[in-house]
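Accompanying notes for the structure given below.
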There are 2 protein chains.
Amino acid sequence: MHDVKTWNQKTVKKGNKSIVLDKIKELSPISRASIANKTSLNKGTVSSLVNELLDEDLIYESGPGESSGGRRPVLLLFNETAGYSIGIDIGVNYLLGILTDLKGNIIQEQLTKFTNLSFEEIRKILYRTIDTLISLAPPSHYGIIGIGIGVPGIVNNEGEIVLAPNLNWNNINLHEPLFEKYGIPIKVENEANAGAYGEKLFGTGIYFENIVYVSIGMGIGVGVILNNELYKGIDGFSGELGHMTIDIHGENCRCGSKGCWELYASEQALLKKAKQLGIESKNQADLSVETLISLAKNNDEKTLQLLKEIGQHIGIGIKNIFNIFNPEQIIIGNSISTLEQWITPAIKQQLINQILQPYQDELQLDFSTLSSHSTALGMTAFTTEYFLENRLQQK
Amino acid sequence: MHDVKTWNQKTVKKGNKSIVLDKIKELSPISRASIANKTSLNKGTVSSLVNELLDEDLIYESGPGESSGGRRPVLLLFNETAGYSIGIDIGVNYLLGILTDLKGNIIQEQLTKFTNLSFEEIRKILYRTIDTLISLAPPSHYGIIGIGIGVPGIVNNEGEIVLAPNLNWNNINLHEPLFEKYGIPIKVENEANAGAYGEKLFGTGIYFENIVYVSIGMGIGVGVILNNELYKGIDGFSGELGHMTIDIHGENCRCGSKGCWELYASEQALLKKAKQLGIESKNQADLSVETLISLAKNNDEKTLQLLKEIGQHIGIGIKNIFNIFNPEQIIIGNSISTLEQWITPAIKQQLINQILQPYQDELQLDFSTLSSHSTALGMTAFTTEYFLENRLQQK
DNA sequence: AAGACTTTGTCTAGATGATAAACTAAGTTT
DNA sequence: AAACTTAGTTTATCATCTAGACAAAGTCTT
């Protein structure tokens, strides 16, 4: 019988202030009068809220704009340099850290590649990356407003990493030590959830409200945005769509089930199958996605056939996702998206005639446009949003 | 660039009034003081809101309660007879209509069974049922406050039935003619969505906030409740989880795809397979679920084996749903639930060892407890909720 | 049985914040 | 230059919540 959130004047003010700030972010440069117009808030209300936002340094006034037959408007802009946010993307063989302003512009970037490191070693890289980014941040009113970390695994609602199989991590709490060390808000989230949010805010998902982001890397993770908000299951599940059965008579998966999607449509599946087919890299190096790209560019028959097959398997899962969530848009991201041009035809072929007629045209299928930054950008967005929400609440 | 909803005093009042009413519904009989306590609203605020609710006849005062060392409290109760709601469940071979009070108690019930009727004929039954229920409703302050209709098909957000394959309906608008005839709010919704809502409010889903309701009848439909709210895709999809591929090499489905879940785990699949196995009804009648039940009760080997197989196939889909939505609870409803005792072991067997270890214990799997009333009850709940929301908004 | 608590519910004054309308500022049009 | 327009501020009013006083109606202690 938890307490319900009641409503009072503070709620109202916070809500309206947030609306005003959002409009400035969305339509800047914009005048007070124009905000009042577009939000249906009273001119006086807008004026007083704007003045508070000015005091808090979250927005600033630029020179006067063009007159439209009367007094010239004072233009308002979002002060994206009032603070900076750090976003980290921990992958299986890399750690990417970025520093962004409040608008999500990337100011600094630190990429470390590695293979087969222990948690302790990755932790050191993480701390080093954060320290470097902090030292590189320009001076600002609010400083570093938070650190967000995306990981390929299951993160519960308390921010604990319950399970990250591809990293061999179990029950790891990054939140606590980081908060103790840096004393600013820390947010840990599943990589696909963050990627979905990144694409929604800064990438190809910008015009859609219901998006499923399919992160296909070593494994398959899925981030779901419903009504502009990230949906997380009761335990913060997300990732486990990779373990959807698509072949009841298929091979065994380490999850205990049979015929999981991940076994047919991930980077892991791609590389395994390539080896089986005898596709080899020219030099001695391990077979990699990059090798396959160069082979595909040379029209290597075996490779093209393999990519077509992988595309078909991806397509089956995409079709399932469409039938399950009926989203406006499905975005394919993570490492597989570099293969876009070779797998797209096969994916589309799977979708044609497999989706109920009335909806064939409505599905928007896109590939990530943020290249490898979706997750890190999503994480900075989480912390930035948290910061702004809390700022507005305070007096 | 649609207008954003702004906040003002009316929002606040409506929100708080709704909180007060909800608490009365939840904990009645309850005193004003106790509401103030449990909601953290001020005593005075509660008093004035309660007085408005009394004026509107939505609640009433009963005699004084027990003293706990001071003045005796005046107990408040929700006035469930202030109005009545009509809920209709249109199935492939039946039409069920119920009349409930505002609390969801069933007052009257009208069931019509049929086979193979045209839209026009079903429409007549629908109108007749509604007219009968209206005439049977007791006199009340607000009268009939709305009509809700659940159908096995895709309903878009405007309430149009885009496609109901098992009924052979296409682009049918029930909303308009009904609203013209009766002049009260009409709500048309997918059968599984309504069922999910019904179970959430009145059935086995009462203690959970994230529920997936799987309606297995002639086809398979799914209703999803996330954070206590019904989630509908952009087009109001819901139902189409039945067309999730679970066997990429499986048989063709009329949806154009292969190996759809529905082909392995629905009532249709059950009856088809039974015929193939030579299971026959004793008398001349068509083979039906009832026949299979009586055979199973007599421990007919073939039948038991068949039910086990169907259970396994249901289990696969359930596992997928768990991995996709990570709900607190999965409820199996509609006609298949009558087979509960024979299919449950096979379903559970599929789930064991197929769900990632940390979450095995957390899944709550239940069968519908409202028997065949989930959908109709969900529909009355939709209209009741709509009515109350609108009442509170008004002065 | 009387006086001292306790609990319920109402009432009043004060605070907050939205709105409408008046007002000031600073432009354009005729 | 006068009339009109648009932008932004100020003021009076209104709605609503809150704290706290107060009245009503009970119980508990001596």
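We name chains A, B, ... following the order of the structure tokens; residues begin at 1 in each chain, and ligands are numbered from 1 as shown.
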(message) I'd like the neighbourhood of A:Gly195 as a list in words, where a residue qualifies if any of its atoms comes within 7 Å (using only C-alpha atoms (C1' of nucleotides)), though same-chain residues fewer than 3 positions away should be ignored.
(response)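 Once the nearby chain positions are removed, what remains is Glu191, Ala192, Gly198, Glu199, Ser374, Thr375 and Gly378 of chain A.
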(message) Please identify all residues of chain C having at least one atom at most 10 Å from any atom of chain B, considering only C-alpha atoms (C1' of nucleotides), and return them as an MDAnalysis selection string.
(response) chainID C and resid 5:11 17:19
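Note that the spacing between atom CA of A:Ile331 and atom CA of A:Leu365 amounts to 6.0 Å.
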(message) With only C-alpha atoms (C1' of nucleotides) as the counted atoms, please give the residues lying no more than 12 Å from C:DA20, apart from itself and same-chain residues fewer than 6 positions off, as a PyMOL selection string.
(response) (chain A and resi 42-45) or (chain D and resi 11-14)
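Comparing the minimum interatomic distances between chain A and each of B:Gly317, B:Gly333, B:Gly63, B:Gly219, counting only C-alpha atoms, we find that B:Gly317 sits nearest.
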Surrounding residues of A:Ile147 excluding itself and chain neighbours under 2 positions, 8 Å, only C-alpha atoms (C1' of nucleotides), as a JSON list (two decimals) with N, CA and C atoms, in the first residue's frame:
```json
[["chain", "number", "residue", "atom", "x", "y", "z"],
["A", 85, "SER", "N", 27.86, 15.82, -19.57],
["A", 85, "SER", "CA", 27.48, 14.49, -19.15],
["A", 85, "SER", "C", 28.45, 13.46, -19.72],
["A", 86, "ILE", "N", 28.69, 12.39, -18.96],
["A", 86, "ILE", "CA", 29.59, 11.34, -19.41],
["A", 86, "ILE", "C", 28.79, 10.08, -19.71],
["A", 87, "GLY", "N", 29.01, 9.49, -20.90],
["A", 87, "GLY", "CA", 28.35, 8.25, -21.27],
["A", 87, "GLY", "C", 29.38, 7.20, -21.63],
["A", 88, "ILE", "N", 29.18, 6.00, -21.09],
["A", 88, "ILE", "CA", 30.12, 4.91, -21.32],
["A", 88, "ILE", "C", 29.40, 3.74, -21.98],
["A", 144, "ILE", "N", 30.11, 18.37, -14.27],
["A", 144, "ILE", "CA", 29.68, 17.06, -14.76],
["A", 144, "ILE", "C", 28.41, 16.68, -14.01],
["A", 145, "ILE", "N", 27.34, 16.50, -14.74],
["A", 145, "ILE", "CA", 26.04, 16.33, -14.07],
["A", 145, "ILE", "C", 25.66, 14.87, -13.87],
["A", 149, "ILE", "N", 26.31, 4.41, -17.75],
["A", 149, "ILE", "CA", 27.09, 3.28, -18.23],
["A", 149, "ILE", "C", 26.18, 2.23, -18.85],
["A", 184, "ILE", "N", 28.37, 12.06, -7.93],
["A", 184, "ILE", "CA", 27.34, 12.59, -8.83],
["A", 184, "ILE", "C", 26.45, 11.43, -9.27],
["A", 185, "PRO", "N", 25.26, 11.74, -9.83],
["A", 185, "PRO", "CA", 24.35, 10.66, -10.20],
["A", 185, "PRO", "C", 24.98, 9.66, -11.18],
["A", 186, "ILE", "N", 24.82, 8.38, -10.88],
["A", 186, "ILE", "CA", 25.32, 7.30, -11.73],
["A", 186, "ILE", "C", 24.13, 6.51, -12.24],
["A", 187, "LYS", "N", 24.14, 6.19, -13.53],
["A", 187, "LYS", "CA", 23.03, 5.42, -14.07],
["A", 187, "LYS", "C", 23.60, 4.24, -14.85],
["A", 379, "MET", "N", 23.08, 6.90, -22.99],
["A", 379, "MET", "CA", 23.43, 7.00, -21.58],
["A", 379, "MET", "C", 23.61, 8.45, -21.14],
["A", 380, "THR", "N", 24.25, 9.28, -21.97],
["A", 380, "THR", "CA", 24.35, 10.69, -21.57],
["A", 380, "THR", "C", 22.96, 11.31, -21.52],
["A", 383, "THR", "N", 21.24, 10.57, -18.14],
["A", 383, "THR", "CA", 21.71, 11.37, -17.01],
["A", 383, "THR", "C", 21.31, 12.83, -17.18]]
```
